[in-house]
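Colleague: Input: one structure, supplied below.
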Amino acid sequence: MSSFKNLRPVDNFYQTSLFFPMPVVLIGTLTEEGKTTFGPYSLLAPYYIAGKDYYAMLLECRNSSNTAQNLICSKKCSINFLPDDRKYFKQEVRMGWPGDKPEEKMKDFPLAMEPGQRQEEDPEGQYPMVLTDAFQVVECTWMDSLDGADADGPLPEGQDHYEMEKFHDFNGITSPYGAHFILRIDKILMKERYYNTIVNGVTAGGFPRVPVDYGYRDSKNFWYTKHRRPIAELLPVRNTTVESVRYAAKRLQTDVTFTDDALAMLVNVPRVFLPTVLKGCVKWAEENGVAVITEKEMKIINDKRSKEKKKG
């Protein structure tokens, strides 16, 4: 006999039928007048993480929300991650009431704003402001060409839901109530302390204080959990051998070869990632006219990766 009870999923199942940990963010978008307004969201996740020409996030929201309508019109947003502090969470909950107009949400808005880096690079363009108190901000553009969503227009005045003959599958208006937005990552803005943590080495004290939404809500409260000091757990050490790396290298469809000293520099790469790393090395070699990758070339490749990470 099962030790579990069967709980039937209903609309908004992540809130009504699950305890589901999620981030807590304020998403900035532009009104028709070009002013920045913010809305709180948790249904946000990485989407394109590798193998594409760009990286992307996925946002799910009510299609008649200010955020959805502003994204359809201006395509731009800023995703602001605020630290764990009750004053911020109260503000996020306050701004989540459906139906309020942007001017109502932003009346007496207490948090400081500043231009993002996209605005600095393109002074003539219009981009949402970012929150000064955020520990990180992701500046994004909605990829409306995906799934034919670029043909959609804003919601007509006074209409509750989109009345479409066919809804999109994964981008834009996906149901009479909901929308999905694939957001290309244009910039990741990080406060210096946390930038240094990622670039120079992670320690428990270098993590930002991050609030987590519990997902479940009742008729009266939003629930979230406060940040606690992160705990590190060592990854299992499963070094491959030079022979196994050589075997993987020989399976590549290329004339580029590796010396043993170069292969020895890859024995710490987890086996599941080894083909991708080897293909990256081969691509660099082909672009630079290198037929044989030695330890010298491998160091150059590693230095290039390190510089790209710091630049990003």
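FYI, nothing fancy with the structure tokens labels: chains A, B, ... in order, residues from 1 per chain, ligands from 1 as they appear.
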Could you make a table, as JSON lines, of the residues of stretch 38-140 of chain A that have an atom within 12 Å of an atom of stretch 4-18 of chain A, each with its nearest atom pair and distance in Å to one decimal, counting only C-alpha atoms, in chain and number order?
Modeller:
{"residue": "A:Ser42", "atom": "CA", "partner": "A:Tyr14", "partner_atom": "CA", "distance": 10.4}
{"residue": "A:Leu43", "atom": "CA", "partner": "A:Tyr14", "partner_atom": "CA", "distance": 9.2}
{"residue": "A:Glu60", "atom": "CA", "partner": "A:Asn12", "partner_atom": "CA", "distance": 11.3}
{"residue": "A:Cys61", "atom": "CA", "partner": "A:Asn12", "partner_atom": "CA", "distance": 10.8}
{"residue": "A:Arg62", "atom": "CA", "partner": "A:Asn12", "partner_atom": "CA", "distance": 10.8}
Colleague: Find the spatial neighbours of A:Cys77, counting only C-alpha atoms, within a cut-off of 9 Å - ignore same-chain residues fewer than 3 positions away - and output them as an MDAnalysis selection string.
Modeller: chainID A and resid 27:30 67 70:71 74 127:129 138:142 183
Colleague: Restricted to N, CA, C and O atoms, what would the selected residues look like written as an mmCIF file, in the first residue's frame?
Modeller:
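again_5.cif, written as the output of this step:
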data_model
loop_
_atom_site.group_PDB
_atom_site.id
_atom_site.type_symbol
_atom_site.label_atom_id
_atom_site.label_comp_id
_atom_site.auth_asym_id
_atom_site.auth_seq_id
_atom_site.Cartn_x
_atom_site.Cartn_y
_atom_site.Cartn_z
ATOM 1 N N ILE A 27 9.948 42.008 -12.143
ATOM 2 C CA ILE A 27 10.241 42.165 -13.568
ATOM 3 C C ILE A 27 9.828 43.558 -14.014
ATOM 4 O O ILE A 27 8.663 43.954 -13.856
ATOM 5 N N GLY A 28 10.778 44.296 -14.546
ATOM 6 C CA GLY A 28 10.526 45.642 -15.032
ATOM 7 C C GLY A 28 10.207 45.644 -16.515
ATOM 8 O O GLY A 28 10.919 45.021 -17.309
ATOM 9 N N THR A 29 9.117 46.320 -16.894
ATOM 10 C CA THR A 29 8.744 46.480 -18.298
ATOM 11 C C THR A 29 8.386 47.946 -18.544
ATOM 12 O O THR A 29 8.307 48.745 -17.609
ATOM 13 N N LEU A 30 8.154 48.284 -19.806
ATOM 14 C CA LEU A 30 7.852 49.661 -20.181
ATOM 15 C C LEU A 30 6.380 49.829 -20.523
ATOM 16 O O LEU A 30 5.802 49.020 -21.262
ATOM 17 N N THR A 67 2.638 43.076 -17.200
ATOM 18 C CA THR A 67 3.926 42.591 -17.688
ATOM 19 C C THR A 67 3.779 41.964 -19.067
ATOM 20 O O THR A 67 4.560 42.255 -19.983
ATOM 21 N N ASN A 70 2.933 44.656 -21.721
ATOM 22 C CA ASN A 70 4.090 45.517 -21.986
ATOM 23 C C ASN A 70 5.150 44.782 -22.795
ATOM 24 O O ASN A 70 5.787 45.364 -23.685
ATOM 25 N N LEU A 71 5.339 43.498 -22.509
ATOM 26 C CA LEU A 71 6.320 42.716 -23.268
ATOM 27 C C LEU A 71 5.895 42.576 -24.730
ATOM 28 O O LEU A 71 6.728 42.640 -25.643
ATOM 29 N N SER A 74 6.702 46.290 -26.136
ATOM 30 C CA SER A 74 8.056 46.844 -26.146
ATOM 31 C C SER A 74 9.158 45.794 -26.281
ATOM 32 O O SER A 74 10.297 46.132 -26.604
ATOM 33 N N TYR A 127 14.630 51.295 -22.639
ATOM 34 C CA TYR A 127 14.798 50.050 -21.904
ATOM 35 C C TYR A 127 14.283 50.247 -20.476
ATOM 36 O O TYR A 127 14.384 51.344 -19.911
ATOM 37 N N PRO A 128 13.740 49.198 -19.864
ATOM 38 C CA PRO A 128 13.285 49.318 -18.475
ATOM 39 C C PRO A 128 14.452 49.626 -17.542
ATOM 40 O O PRO A 128 15.589 49.167 -17.760
ATOM 41 N N MET A 129 14.164 50.388 -16.514
ATOM 42 C CA MET A 129 15.151 50.653 -15.473
ATOM 43 C C MET A 129 15.409 49.368 -14.678
ATOM 44 O O MET A 129 14.638 48.408 -14.750
ATOM 45 N N VAL A 138 18.939 40.572 -14.806
ATOM 46 C CA VAL A 138 19.079 40.035 -16.151
ATOM 47 C C VAL A 138 18.272 40.921 -17.095
ATOM 48 O O VAL A 138 17.058 41.030 -16.959
ATOM 49 N N GLU A 139 18.959 41.567 -18.035
ATOM 50 C CA GLU A 139 18.272 42.375 -19.044
ATOM 51 C C GLU A 139 17.972 41.488 -20.248
ATOM 52 O O GLU A 139 18.861 40.798 -20.755
ATOM 53 N N CYS A 140 16.724 41.512 -20.694
ATOM 54 C CA CYS A 140 16.259 40.549 -21.697
ATOM 55 C C CYS A 140 15.454 41.206 -22.813
ATOM 56 O O CYS A 140 14.912 42.306 -22.652
ATOM 57 N N THR A 141 15.363 40.472 -23.925
ATOM 58 C CA THR A 141 14.494 40.826 -25.046
ATOM 59 C C THR A 141 13.618 39.628 -25.375
ATOM 60 O O THR A 141 14.114 38.500 -25.484
ATOM 61 N N TRP A 142 12.313 39.859 -25.518
ATOM 62 C CA TRP A 142 11.397 38.776 -25.890
ATOM 63 C C TRP A 142 11.634 38.378 -27.331
ATOM 64 O O TRP A 142 11.573 39.207 -28.240
ATOM 65 N N LEU A 183 12.760 34.699 -23.292
ATOM 66 C CA LEU A 183 13.469 35.958 -23.129
ATOM 67 C C LEU A 183 14.963 35.760 -23.376
ATOM 68 O O LEU A 183 15.645 35.077 -22.601
#
Colleague: Using only C-alpha atoms, which residue out of A:Met113, A:Lys187, A:Asp84, A:Gln91 lies closest to A:Arg228?
Modeller: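 Selected residue with least distance to A:Arg228: A:Asp84.
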Colleague: Please list as a list of chain:residue names every residue within 6 Å of A:Val212, counting only C-alpha atoms and excluding residues in the same chain fewer than 2 positions away.
Modeller: A:Met22, A:Pro23, A:Tyr224, A:Thr225
Colleague: Record the distance separating atom CA of A:Phe258 and atom CA of A:Thr294, expressed in Å with one decimal.
Modeller: 6.2 Å
Colleague: When you look at A:Leu26 with a cut-off of 7 Å (counting only C-alpha atoms), what residues show up, excluding the ones that are within fewer than 5 positions of it in the same chain? I need them as a list in words.
Modeller: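 Answer for this query is Phe38, Gly39, Pro40, Tyr41, Ile79, Asn80, Phe81 and Glu92 of chain A.
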Colleague: Within stretch 63-223 of chain A, find each residue whose DSSP state, derived from the backbone, is helix (DSSP H, G or I), and express the selection as a VMD selection string.
Modeller: chain A and resid 66 to 74 86 to 94 102 to 105 117 to 121 146 to 151 192 to 200 204 to 206
Colleague: As a PyMOL selection string, please: the residues near A:Lys250 (cut-off 12 Å, only C-alpha atoms, same-chain neighbours under 3 positions excluded).
Modeller: chain A and resi 243-247+253-259+263+275+278-279+282
Colleague: Rank A:Tyr55, A:Phe135, A:Phe181, A:Tyr216 by their smallest atom-to-atom distance to A:Ile72, using only C-alpha atoms, and report the top residue only.
Modeller: A:Phe181
Colleague: Hey, which of A:Val93, A:Val202, A:Val24, A:Leu44 ends up closest to A:Lys220? Count only C-alpha atoms.
Modeller: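 Of the candidates, the smallest distance to A:Lys220 is held by A:Val93.
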Colleague: Which is closest to A:Pro102 among A:Asn66, A:Thr197, A:Ser3, A:Thr276, if we use only C-alpha atoms?
Modeller: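 Checking each of A:Asn66, A:Thr197, A:Ser3, A:Thr276 against A:Pro102, counting only C-alpha atoms, the winner is A:Asn66.
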Colleague: May I ask which of the residues A:Ala45, A:Val242, A:Leu111, A:Ala134 is the closest one to A:Pro83, counting only C-alpha atoms?
Modeller: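 Closest candidate: A:Ala134.
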Colleague: Write down as a ChimeraX atom specification the residues of stretch 120-287 of chain A whose backbone DSSP state falls under strand (DSSP E).
Modeller: /A:130-131,136-142,172-173,178-190,212-217,222-225,257-258
